[in-house]
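Chemist: Could you have a look at this structure, given as structure tokens, before my questions?
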Amino acid sequence: MSAIRLQSNLLATYPEPRVAFVEGCGVELTDDEGRTYLDFAAGIAVVGLGHRHPAPLIAAHLQLDKLWHASNLFATDPARVLATMLSERYRGAQAFFCNSGAEANEAALKYARKATGKTGVIALEQGFHGRTAGALAVTGQPSKRAPFEPLRPGARFVAPNDVAALRDAMSDDVGLVLLEPVLGEGGVIPLEPEFVAAARELDALLAFDEVQTGVGRTGTFFAFEQLGVTPDLVTLAKGLANGLPIGCLLVADAVTGAFEPGDHGSTFGGNPVACAAAVAVCETIDDDLLAAVVSSGERLRNGLVGLPHVVDVRGRGLLVGAELDVPAGPVVDAALDAGLVCLTSGANVLRLAPPLVVDHTHVDHALAILREVLSA
Ligand code: PLP
């Protein structure tokens with residue numbers, strides 16, 4: 001086994017890695033033995049523009065040569081510009097920057113608590129919002145919560161797209177409804193517009209966790225743009241800086257004002273290098289790229305239909321799930337051995353979340369590998 005893969009001094013929070021990657025370029029990864037792979041995982045839906053895309057690469061390099069960190073006690077240009085760009089895309093919203101998706105959701109939970117004075121949160125069965133204590137408390141996957149109970153009280157979970165259950169779960173103490181537009185870790189389940197409209201009608205703040213679906217992944221900059229409702233809060237992370245750590249809570253213009261100085265913070269939040277890369281990402285995600293995401297996603301979904309063991313194909317844009325009639329883990333392992341990096345989403349769902357810049361040749365190549373692996 002290669003020296004890189006010997007994990008002895010890392011806490012065993014992940015299974016033993018089977019491959020060590022040393023380089024990435026576009027849609028391709030190279031391991032420590034020089035073998036190349038087609039990357040349909042993108043660092044878990046993170047490297048949206050592909051590895052070493054020149055726009056964030058140059059922006060981060062330039063910023064590294066200027067200023068790495070000053071803290072939020074002082075203004076820095078990249079954070080200011082990024083907040084302005086996101087505000088323009090989301091109706092005058094104000095931004096809080098942090099370092100991860102879980103942190104962004106922690107900020108949303110605290111914001112809703114302060115804005116409404118209420119502790120109850122409606123979230124989704126199989127939803128995923130992160131591993132920190134607050135985000136875990138509203139994650140609808142009991143096995144992830146169980147070892148850490150009791151967690152923050154007040155969460156109640158309803159099945160995705162069950163409008164009656166959603167209305168039943170509502171009560172006076174609920175201040176927040178927290179939804180993923182597509183459940184990324186919970187089986188790649190897209191929410192229906194009717195369900196989201198019913199959530200919007202409830203007397204509570206509506207937050208979309210767009211940590212996985214945001215920044216173009218589903219074919220629009222925010223996935224909620226396809227659902228016909230405007231949320232009060234949005235969280236982003238993964239794809240925002242193309243691989244540098246960043247998270248963000250966006251608070252819609254209509255509901256700003258709940259946080260005052262001292263209510264929340266993050267030493268590294270708004271880091272100039274991460275924000276400079278994120279500005280370049282936001283500049284690069286234009287209508288042409290979003291149209292290409294829609295087209296590649298359609299080709300991928302169409303190609304998955306009818307492959308051996310595939311019983312359902314779901315998703316939006318380039319967040320695609322293929323439900324299998326066999327466990328997905330061994331299929332992901334076999335695909336890796338065959339040169340394709342992909343993901344699971346729950347026990348039986350194969351998840352494909354390639355860089356948004358994949359072309360049809362990449363998609364066809366991935367489908368050919370999957371056909372071979374699923375036929376074995
Ligand atoms: N929310 C969603 C929808 C996610 O998919 C994830 C991570 O997979 C998170 C939150 C947590 O993000 P992070 O791992 O950056 O804390």
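Please note that chains go A, B, ... in the order of the structure tokens, that every chain numbers its residues from 1, and that ligands are numbered from 1 in the order shown.
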Can you tell me which residues sit at most 9 Å away from ligand 1, counting only C-alpha atoms and all ligand atoms, written as a short mmCIF file (atom, residue, chain, number, x, y, z; two decimals) with all heavy atoms, in the first residue's frame?

Modeler:
data_model
loop_
_atom_site.label_atom_id
_atom_site.label_comp_id
_atom_site.auth_asym_id
_atom_site.auth_seq_id
_atom_site.Cartn_x
_atom_site.Cartn_y
_atom_site.Cartn_z
N ILE A 44 -17.13 15.23 -3.87
CA ILE A 44 -18.50 15.26 -3.31
C ILE A 44 -19.20 16.57 -3.72
O ILE A 44 -19.55 17.41 -2.89
CB ILE A 44 -18.57 15.01 -1.79
CG1 ILE A 44 -17.59 13.89 -1.36
CG2 ILE A 44 -20.00 14.64 -1.40
CD1 ILE A 44 -17.72 13.46 0.11
N ALA A 45 -19.39 16.70 -5.02
CA ALA A 45 -20.16 17.81 -5.59
C ALA A 45 -19.56 19.18 -5.26
O ALA A 45 -20.28 20.15 -5.03
CB ALA A 45 -21.63 17.75 -5.13
N ASN A 99 -17.07 28.47 6.84
CA ASN A 99 -16.08 27.60 6.19
C ASN A 99 -16.61 26.27 5.69
O ASN A 99 -15.84 25.46 5.16
CB ASN A 99 -14.94 27.32 7.19
CG ASN A 99 -14.42 28.59 7.79
OD1 ASN A 99 -13.73 29.34 7.12
ND2 ASN A 99 -14.79 28.85 9.01
N SER A 100 -17.88 25.97 5.89
CA SER A 100 -18.39 24.65 5.51
C SER A 100 -19.91 24.70 5.45
O SER A 100 -20.54 25.66 5.93
CB SER A 100 -17.98 23.59 6.54
OG SER A 100 -18.66 23.83 7.76
N GLY A 101 -20.49 23.62 4.93
CA GLY A 101 -21.94 23.52 4.86
C GLY A 101 -22.58 23.42 6.23
O GLY A 101 -23.60 24.06 6.51
N ALA A 102 -21.99 22.61 7.09
CA ALA A 102 -22.55 22.45 8.44
C ALA A 102 -22.56 23.80 9.16
O ALA A 102 -23.55 24.17 9.80
CB ALA A 102 -21.74 21.43 9.22
N GLU A 103 -21.47 24.54 9.03
CA GLU A 103 -21.40 25.86 9.68
C GLU A 103 -22.44 26.82 9.12
O GLU A 103 -23.01 27.63 9.85
CB GLU A 103 -20.03 26.47 9.43
CG GLU A 103 -19.01 26.22 10.49
CD GLU A 103 -17.75 27.00 10.16
OE1 GLU A 103 -17.72 28.22 10.33
OE2 GLU A 103 -16.80 26.36 9.69
N ALA A 104 -22.67 26.74 7.82
CA ALA A 104 -23.68 27.61 7.22
C ALA A 104 -25.05 27.28 7.79
O ALA A 104 -25.86 28.17 8.09
CB ALA A 104 -23.66 27.44 5.69
N ASN A 105 -25.32 25.97 7.97
CA ASN A 105 -26.62 25.58 8.53
C ASN A 105 -26.73 25.93 10.01
O ASN A 105 -27.82 26.27 10.49
CB ASN A 105 -26.86 24.09 8.29
CG ASN A 105 -27.18 23.82 6.82
OD1 ASN A 105 -27.82 24.65 6.17
ND2 ASN A 105 -26.73 22.69 6.29
N GLY A 127 -33.09 13.76 5.04
CA GLY A 127 -32.35 14.99 4.74
C GLY A 127 -31.00 14.96 5.44
O GLY A 127 -30.79 14.24 6.42
N PHE A 128 -30.06 15.78 4.93
CA PHE A 128 -28.73 15.85 5.53
C PHE A 128 -28.29 17.31 5.58
O PHE A 128 -28.33 18.00 4.57
CB PHE A 128 -27.71 15.03 4.71
CG PHE A 128 -26.34 15.03 5.33
CD1 PHE A 128 -26.06 14.20 6.41
CD2 PHE A 128 -25.34 15.86 4.86
CE1 PHE A 128 -24.80 14.20 7.00
CE2 PHE A 128 -24.07 15.87 5.45
CZ PHE A 128 -23.80 15.03 6.52
N HIS A 129 -27.86 17.73 6.78
CA HIS A 129 -27.46 19.14 6.92
C HIS A 129 -26.09 19.32 7.56
O HIS A 129 -25.68 20.46 7.80
CB HIS A 129 -28.54 19.89 7.71
CG HIS A 129 -29.88 19.83 7.03
ND1 HIS A 129 -30.13 20.44 5.82
CD2 HIS A 129 -31.01 19.16 7.35
CE1 HIS A 129 -31.37 20.18 5.43
NE2 HIS A 129 -31.93 19.40 6.34
N GLY A 130 -25.39 18.22 7.86
CA GLY A 130 -24.03 18.36 8.39
C GLY A 130 -23.84 17.61 9.69
O GLY A 130 -24.79 17.10 10.28
N ARG A 131 -22.59 17.57 10.14
CA ARG A 131 -22.20 16.71 11.27
C ARG A 131 -22.00 17.47 12.57
O ARG A 131 -21.72 16.84 13.59
CB ARG A 131 -20.89 16.00 10.94
CG ARG A 131 -20.90 15.22 9.65
CD ARG A 131 -21.76 13.99 9.77
NE ARG A 131 -21.54 13.11 8.62
CZ ARG A 131 -21.62 11.80 8.69
NH1 ARG A 131 -21.91 11.20 9.83
NH2 ARG A 131 -21.43 11.07 7.62
N THR A 132 -22.06 18.80 12.56
CA THR A 132 -21.95 19.53 13.83
C THR A 132 -23.25 19.34 14.61
O THR A 132 -24.28 18.95 14.04
CB THR A 132 -21.68 21.01 13.56
OG1 THR A 132 -22.71 21.49 12.68
CG2 THR A 132 -20.32 21.23 12.92
N ALA A 135 -26.59 21.05 13.28
CA ALA A 135 -26.95 20.56 11.94
C ALA A 135 -27.34 19.08 12.01
O ALA A 135 -28.27 18.64 11.31
CB ALA A 135 -25.79 20.77 10.98
N THR A 139 -30.87 16.69 10.95
CA THR A 139 -30.58 15.73 9.88
C THR A 139 -31.49 14.52 10.06
O THR A 139 -31.50 13.90 11.12
CB THR A 139 -29.08 15.36 9.92
OG1 THR A 139 -28.34 16.44 9.34
CG2 THR A 139 -28.78 14.10 9.14
N LEU A 179 -35.20 22.73 4.13
CA LEU A 179 -35.35 21.74 3.06
C LEU A 179 -34.14 21.75 2.13
O LEU A 179 -33.60 22.81 1.83
CB LEU A 179 -36.58 22.09 2.20
CG LEU A 179 -37.92 22.30 2.91
CD1 LEU A 179 -38.97 22.78 1.90
CD2 LEU A 179 -38.38 21.01 3.58
N GLU A 180 -33.77 20.58 1.64
CA GLU A 180 -32.84 20.50 0.50
C GLU A 180 -33.71 20.41 -0.76
O GLU A 180 -34.53 19.49 -0.84
CB GLU A 180 -32.00 19.23 0.58
CG GLU A 180 -30.94 19.17 1.61
CD GLU A 180 -30.42 17.73 1.74
OE1 GLU A 180 -29.56 17.33 0.96
OE2 GLU A 180 -30.91 17.01 2.62
N PRO A 181 -33.50 21.23 -1.77
CA PRO A 181 -34.30 21.14 -2.99
C PRO A 181 -34.19 19.77 -3.67
O PRO A 181 -35.16 19.27 -4.24
CB PRO A 181 -33.72 22.24 -3.88
CG PRO A 181 -33.14 23.22 -2.93
CD PRO A 181 -32.61 22.40 -1.77
N VAL A 182 -33.00 19.18 -3.59
CA VAL A 182 -32.81 17.77 -3.97
C VAL A 182 -32.04 17.14 -2.81
O VAL A 182 -30.98 17.66 -2.43
CB VAL A 182 -31.98 17.61 -5.26
CG1 VAL A 182 -31.82 16.13 -5.61
CG2 VAL A 182 -32.59 18.39 -6.41
N LEU A 183 -32.58 16.07 -2.22
CA LEU A 183 -31.87 15.44 -1.10
C LEU A 183 -30.61 14.76 -1.63
O LEU A 183 -30.68 13.69 -2.24
CB LEU A 183 -32.77 14.43 -0.37
CG LEU A 183 -33.79 15.04 0.60
CD1 LEU A 183 -34.93 15.69 -0.15
CD2 LEU A 183 -34.30 14.01 1.57
N GLY A 184 -29.47 15.40 -1.40
CA GLY A 184 -28.24 14.94 -2.03
C GLY A 184 -27.66 13.69 -1.39
O GLY A 184 -27.13 12.82 -2.08
N GLU A 185 -27.74 13.60 -0.06
CA GLU A 185 -27.18 12.43 0.63
C GLU A 185 -28.27 11.41 0.93
O GLU A 185 -27.96 10.29 1.35
CB GLU A 185 -26.54 12.87 1.97
CG GLU A 185 -25.50 13.96 1.85
CD GLU A 185 -24.21 13.48 1.20
OE1 GLU A 185 -23.78 12.35 1.48
OE2 GLU A 185 -23.66 14.24 0.38
N GLY A 186 -29.51 11.79 0.77
CA GLY A 186 -30.63 10.93 1.18
C GLY A 186 -31.32 10.25 0.02
O GLY A 186 -32.53 10.05 0.05
N PHE A 208 -33.64 27.05 2.41
CA PHE A 208 -33.16 25.99 1.52
C PHE A 208 -31.69 25.76 1.81
O PHE A 208 -30.88 26.69 1.73
CB PHE A 208 -33.35 26.38 0.05
CG PHE A 208 -34.74 26.17 -0.44
CD1 PHE A 208 -35.40 27.17 -1.12
CD2 PHE A 208 -35.38 24.96 -0.23
CE1 PHE A 208 -36.70 26.98 -1.58
CE2 PHE A 208 -36.68 24.75 -0.69
CZ PHE A 208 -37.34 25.76 -1.36
N ASP A 209 -31.40 24.50 2.14
CA ASP A 209 -30.01 24.08 2.25
C ASP A 209 -29.55 23.76 0.83
O ASP A 209 -29.87 22.71 0.27
CB ASP A 209 -29.91 22.85 3.17
CG ASP A 209 -28.50 22.29 3.23
OD1 ASP A 209 -27.68 22.62 2.35
OD2 ASP A 209 -28.23 21.49 4.15
N GLU A 210 -28.82 24.71 0.24
CA GLU A 210 -28.32 24.53 -1.14
C GLU A 210 -26.81 24.27 -1.11
O GLU A 210 -26.08 24.63 -2.05
CB GLU A 210 -28.67 25.76 -1.99
CG GLU A 210 -30.16 25.95 -2.19
CD GLU A 210 -30.57 25.96 -3.67
OE1 GLU A 210 -29.81 25.45 -4.51
OE2 GLU A 210 -31.67 26.48 -3.95
N VAL A 211 -26.39 23.66 -0.01
CA VAL A 211 -24.96 23.33 0.11
C VAL A 211 -24.52 22.44 -1.05
O VAL A 211 -23.44 22.62 -1.62
CB VAL A 211 -24.71 22.65 1.48
CG1 VAL A 211 -23.35 21.97 1.54
CG2 VAL A 211 -24.83 23.69 2.60
N GLN A 212 -25.37 21.47 -1.40
CA GLN A 212 -25.01 20.56 -2.50
C GLN A 212 -25.64 20.98 -3.83
O GLN A 212 -25.06 20.82 -4.89
CB GLN A 212 -25.45 19.13 -2.14
CG GLN A 212 -24.97 18.10 -3.12
CD GLN A 212 -24.84 16.69 -2.53
OE1 GLN A 212 -24.71 15.75 -3.26
NE2 GLN A 212 -24.85 16.55 -1.23
N THR A 213 -26.85 21.54 -3.77
CA THR A 213 -27.58 21.85 -5.01
C THR A 213 -27.21 23.21 -5.61
O THR A 213 -27.51 23.46 -6.78
CB THR A 213 -29.10 21.85 -4.75
OG1 THR A 213 -29.37 22.77 -3.68
CG2 THR A 213 -29.60 20.47 -4.38
N THR A 235 -28.49 28.41 2.36
CA THR A 235 -27.11 28.11 2.72
C THR A 235 -26.40 27.51 1.51
O THR A 235 -26.97 26.75 0.74
CB THR A 235 -27.03 27.15 3.92
OG1 THR A 235 -27.82 25.98 3.66
CG2 THR A 235 -27.52 27.82 5.18
N LEU A 236 -25.13 27.91 1.37
CA LEU A 236 -24.27 27.44 0.28
C LEU A 236 -22.95 26.96 0.88
O LEU A 236 -22.57 27.38 1.96
CB LEU A 236 -23.94 28.58 -0.69
CG LEU A 236 -25.07 29.23 -1.47
CD1 LEU A 236 -24.53 30.44 -2.25
CD2 LEU A 236 -25.71 28.24 -2.42
N ALA A 237 -22.26 26.12 0.17
CA ALA A 237 -20.88 25.76 0.56
C ALA A 237 -20.20 25.10 -0.63
O ALA A 237 -19.78 25.78 -1.56
CB ALA A 237 -20.86 24.87 1.80
N LYS A 238 -20.17 23.77 -0.60
CA LYS A 238 -19.42 22.92 -1.55
C LYS A 238 -18.84 23.61 -2.78
O LYS A 238 -17.65 23.85 -2.86
CB LYS A 238 -20.33 21.78 -1.98
CG LYS A 238 -20.60 20.77 -0.86
CD LYS A 238 -21.40 19.62 -1.35
CE LYS A 238 -21.74 18.60 -0.28
NZ LYS A 238 -20.63 17.69 0.05
N PRO A 245 -12.18 25.88 1.13
CA PRO A 245 -13.26 25.81 2.13
C PRO A 245 -14.00 27.14 2.26
O PRO A 245 -13.37 28.18 2.46
CB PRO A 245 -12.52 25.49 3.44
CG PRO A 245 -11.13 25.14 3.07
CD PRO A 245 -10.86 25.76 1.74
N ILE A 246 -15.31 27.05 2.12
CA ILE A 246 -16.16 28.24 2.31
C ILE A 246 -17.58 27.78 2.57
O ILE A 246 -18.01 26.74 2.07
CB ILE A 246 -16.11 29.18 1.06
CG1 ILE A 246 -16.77 30.53 1.38
CG2 ILE A 246 -16.73 28.53 -0.15
CD1 ILE A 246 -16.49 31.62 0.35
N GLY A 247 -18.30 28.52 3.36
CA GLY A 247 -19.74 28.31 3.55
C GLY A 247 -20.39 29.67 3.61
O GLY A 247 -19.71 30.69 3.83
#

Chemist: Return as an MDAnalysis selection string the full set of residues in range 222-299 of chain A whose backbone-based DSSP assignment is strand (DSSP E).

Modeler: chainID A and resid 233:236 247:251

Chemist: May I have the selected residues written with N, CA, C and O atoms, as a PDB file, in the first residue's frame?

Modeler:
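Contents of the output file result.pdb:
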ATOM      1  N   LEU A 233     -34.100  32.083   3.760  1.00  0.00           N
ATOM      2  CA  LEU A 233     -32.686  31.813   4.040  1.00  0.00           C
ATOM      3  C   LEU A 233     -32.171  30.783   3.048  1.00  0.00           C
ATOM      4  O   LEU A 233     -32.903  29.858   2.676  1.00  0.00           O
ATOM      5  N   VAL A 234     -30.915  30.938   2.638  1.00  0.00           N
ATOM      6  CA  VAL A 234     -30.273  29.945   1.767  1.00  0.00           C
ATOM      7  C   VAL A 234     -28.882  29.681   2.312  1.00  0.00           C
ATOM      8  O   VAL A 234     -28.181  30.628   2.694  1.00  0.00           O
ATOM      9  N   THR A 235     -28.495  28.414   2.357  1.00  0.00           N
ATOM     10  CA  THR A 235     -27.113  28.105   2.720  1.00  0.00           C
ATOM     11  C   THR A 235     -26.396  27.514   1.514  1.00  0.00           C
ATOM     12  O   THR A 235     -26.967  26.745   0.745  1.00  0.00           O
ATOM     13  N   LEU A 236     -25.132  27.911   1.368  1.00  0.00           N
ATOM     14  CA  LEU A 236     -24.267  27.436   0.278  1.00  0.00           C
ATOM     15  C   LEU A 236     -22.948  26.958   0.876  1.00  0.00           C
ATOM     16  O   LEU A 236     -22.574  27.376   1.962  1.00  0.00           O
ATOM     17  N   GLY A 247     -18.304  28.524   3.361  1.00  0.00           N
ATOM     18  CA  GLY A 247     -19.740  28.310   3.550  1.00  0.00           C
ATOM     19  C   GLY A 247     -20.392  29.673   3.605  1.00  0.00           C
ATOM     20  O   GLY A 247     -19.709  30.685   3.826  1.00  0.00           O
ATOM     21  N   CYS A 248     -21.698  29.693   3.434  1.00  0.00           N
ATOM     22  CA  CYS A 248     -22.361  30.997   3.375  1.00  0.00           C
ATOM     23  C   CYS A 248     -23.820  30.866   3.766  1.00  0.00           C
ATOM     24  O   CYS A 248     -24.510  29.948   3.321  1.00  0.00           O
ATOM     25  N   LEU A 249     -24.275  31.766   4.634  1.00  0.00           N
ATOM     26  CA  LEU A 249     -25.713  31.927   4.884  1.00  0.00           C
ATOM     27  C   LEU A 249     -26.141  33.200   4.183  1.00  0.00           C
ATOM     28  O   LEU A 249     -25.549  34.270   4.396  1.00  0.00           O
ATOM     29  N   LEU A 250     -27.189  33.077   3.348  1.00  0.00           N
ATOM     30  CA  LEU A 250     -27.777  34.252   2.713  1.00  0.00           C
ATOM     31  C   LEU A 250     -29.132  34.513   3.359  1.00  0.00           C
ATOM     32  O   LEU A 250     -29.962  33.601   3.468  1.00  0.00           O
ATOM     33  N   VAL A 251     -29.345  35.740   3.770  1.00  0.00           N
ATOM     34  CA  VAL A 251     -30.600  36.133   4.417  1.00  0.00           C
ATOM     35  C   VAL A 251     -31.311  37.098   3.481  1.00  0.00           C
ATOM     36  O   VAL A 251     -30.758  38.151   3.129  1.00  0.00           O
TER      37      VAL A 251
END

Chemist: So how far away is CA of Ala278 in chain A from CA of Leu176 in chain A, in Å?

Modeler: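 CA of Ala278 in chain A lies at a distance of 27.8 Å from CA of Leu176 in chain A.
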
Chemist: One decimal, in Å: what's the spacing between CA of Gly26 in chain A and CA of Val273 in chain A?

Modeler: 20.7 Å

Chemist: Using DSSP on the backbone coordinates, identify all residues within range 54-158 of chain A classified as alpha helix (DSSP H); present the result as an MDAnalysis selection string.

Modeler: chainID A and resid 54:64 77:89 101:116 133:137 142:145

Chemist: Which residues, written as a list in words, have at least one atom at most 10 Å from Glu225 in chain A, with only C-alpha atoms counted and residues fewer than 6 positions away on the same chain left out?

Modeler: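 These residues fall inside the cut-off: Tyr90, Pro181, Thr218, Gly219 and Pro231 of chain A.
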
Chemist: Using only C-alpha atoms, which protein or nucleic acid residues come within 10 Å of Pro190 in chain A? Drop anything in the same chain fewer than 2 positions from it, and give the result as a PyMOL selection string.

Modeler: chain A and resi 160-161+180-184+187-188+192-193+223+314-316+319-320

Chemist: Excluding Gly120 in chain A and any residue of its chain fewer than 2 positions from it, enumerate the residues within 7 Å of it, using only C-alpha atoms, and give them as a list in words.

Modeler: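 The neighbour list is Lys118, Ile122, Gly154, Ala155, Asp173, Val174, Gly175 and Leu176 of chain A.
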
Chemist: Please list as a list in words every residue within 9 Å of Val294 in chain A, counting only C-alpha atoms and excluding residues in the same chain fewer than 4 positions away.

Modeler: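 That gives Thr218, Gly219, Thr220, Leu289, Leu290, Glu298, Arg299, Arg316, Gly317 and Leu318 of chain A.
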
Chemist: Those same residues - N, CA and C atoms - I'd like them written as an mmCIF file, in the first residue's frame.

Modeler:
data_model
loop_
_atom_site.group_PDB
_atom_site.id
_atom_site.type_symbol
_atom_site.label_atom_id
_atom_site.label_comp_id
_atom_site.auth_asym_id
_atom_site.auth_seq_id
_atom_site.Cartn_x
_atom_site.Cartn_y
_atom_site.Cartn_z
ATOM 1 N N THR A 218 -27.594 22.157 -10.303
ATOM 2 C CA THR A 218 -28.838 21.595 -10.843
ATOM 3 C C THR A 218 -29.276 22.265 -12.149
ATOM 4 N N GLY A 219 -28.440 23.159 -12.686
ATOM 5 C CA GLY A 219 -28.780 23.792 -13.962
ATOM 6 C C GLY A 219 -29.284 25.215 -13.824
ATOM 7 N N THR A 220 -29.513 25.662 -12.588
ATOM 8 C CA THR A 220 -29.743 27.084 -12.302
ATOM 9 C C THR A 220 -28.798 27.442 -11.159
ATOM 10 N N LEU A 289 -23.002 28.026 -19.455
ATOM 11 C CA LEU A 289 -22.579 26.894 -18.621
ATOM 12 C C LEU A 289 -23.801 26.207 -18.000
ATOM 13 N N LEU A 290 -24.762 27.004 -17.550
ATOM 14 C CA LEU A 290 -25.964 26.408 -16.939
ATOM 15 C C LEU A 290 -26.746 25.585 -17.969
ATOM 16 N N GLU A 298 -29.235 15.720 -18.706
ATOM 17 C CA GLU A 298 -30.270 14.942 -19.425
ATOM 18 C C GLU A 298 -29.647 13.718 -20.096
ATOM 19 N N ARG A 299 -28.507 13.950 -20.733
ATOM 20 C CA ARG A 299 -27.839 12.843 -21.430
ATOM 21 C C ARG A 299 -27.444 11.740 -20.431
ATOM 22 N N ARG A 316 -31.620 16.496 -10.771
ATOM 23 C CA ARG A 316 -31.750 17.745 -11.533
ATOM 24 C C ARG A 316 -30.351 18.136 -11.997
ATOM 25 N N GLY A 317 -30.233 18.567 -13.245
ATOM 26 C CA GLY A 317 -28.930 18.983 -13.749
ATOM 27 C C GLY A 317 -27.903 17.890 -13.562
ATOM 28 N N LEU A 318 -26.771 18.240 -12.972
ATOM 29 C CA LEU A 318 -25.696 17.256 -12.781
ATOM 30 C C LEU A 318 -25.609 16.768 -11.331
#

Chemist: Identify, on the basis of only C-alpha atoms, every residue whose closest approach to Arg89 in chain A does not exceed 10 Å; exclude the query and any residue fewer than 3 positions from it along the same chain; express the result as number ranges by chain.

Modeler: A: 83-86, 92-93, 221-222, 282

Chemist: May I ask which of the residues A:Asp65, A:Asp172, A:Glu283, A:Glu23 is the closest one to Leu82 in chain A, counting only C-alpha atoms?

Modeler: A:Glu283

Chemist: When you count only C-alpha atoms, which of these residues is closest to Gln94 in chain A: A:Ala258, A:Leu350, A:Cys25, A:Leu206?

Modeler: A:Ala258

Chemist: Nearest to His61 in chain A: which of A:Ala276, A:Lys144, A:Val357, A:Glu33 is it, counting only C-alpha atoms?

Modeler: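 Nearest candidate to His61 in chain A out of A:Ala276, A:Lys144, A:Val357, A:Glu33: A:Ala276.
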
Chemist: My list of candidates is A:Ala280, A:Ala207, A:Ala95, A:Cys342. Which is closest to Leu62 in chain A when distances are computed with only C-alpha atoms?

Modeler: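 So, comparing all the options, the nearest one is A:Ala280.
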
Chemist: One decimal, Å: what's the distance from CA of Leu240 in chain A over to CA of Ala274 in chain A, could you say?

Modeler: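 Going from CA of Leu240 in chain A over to CA of Ala274 in chain A covers 8.9 Å.
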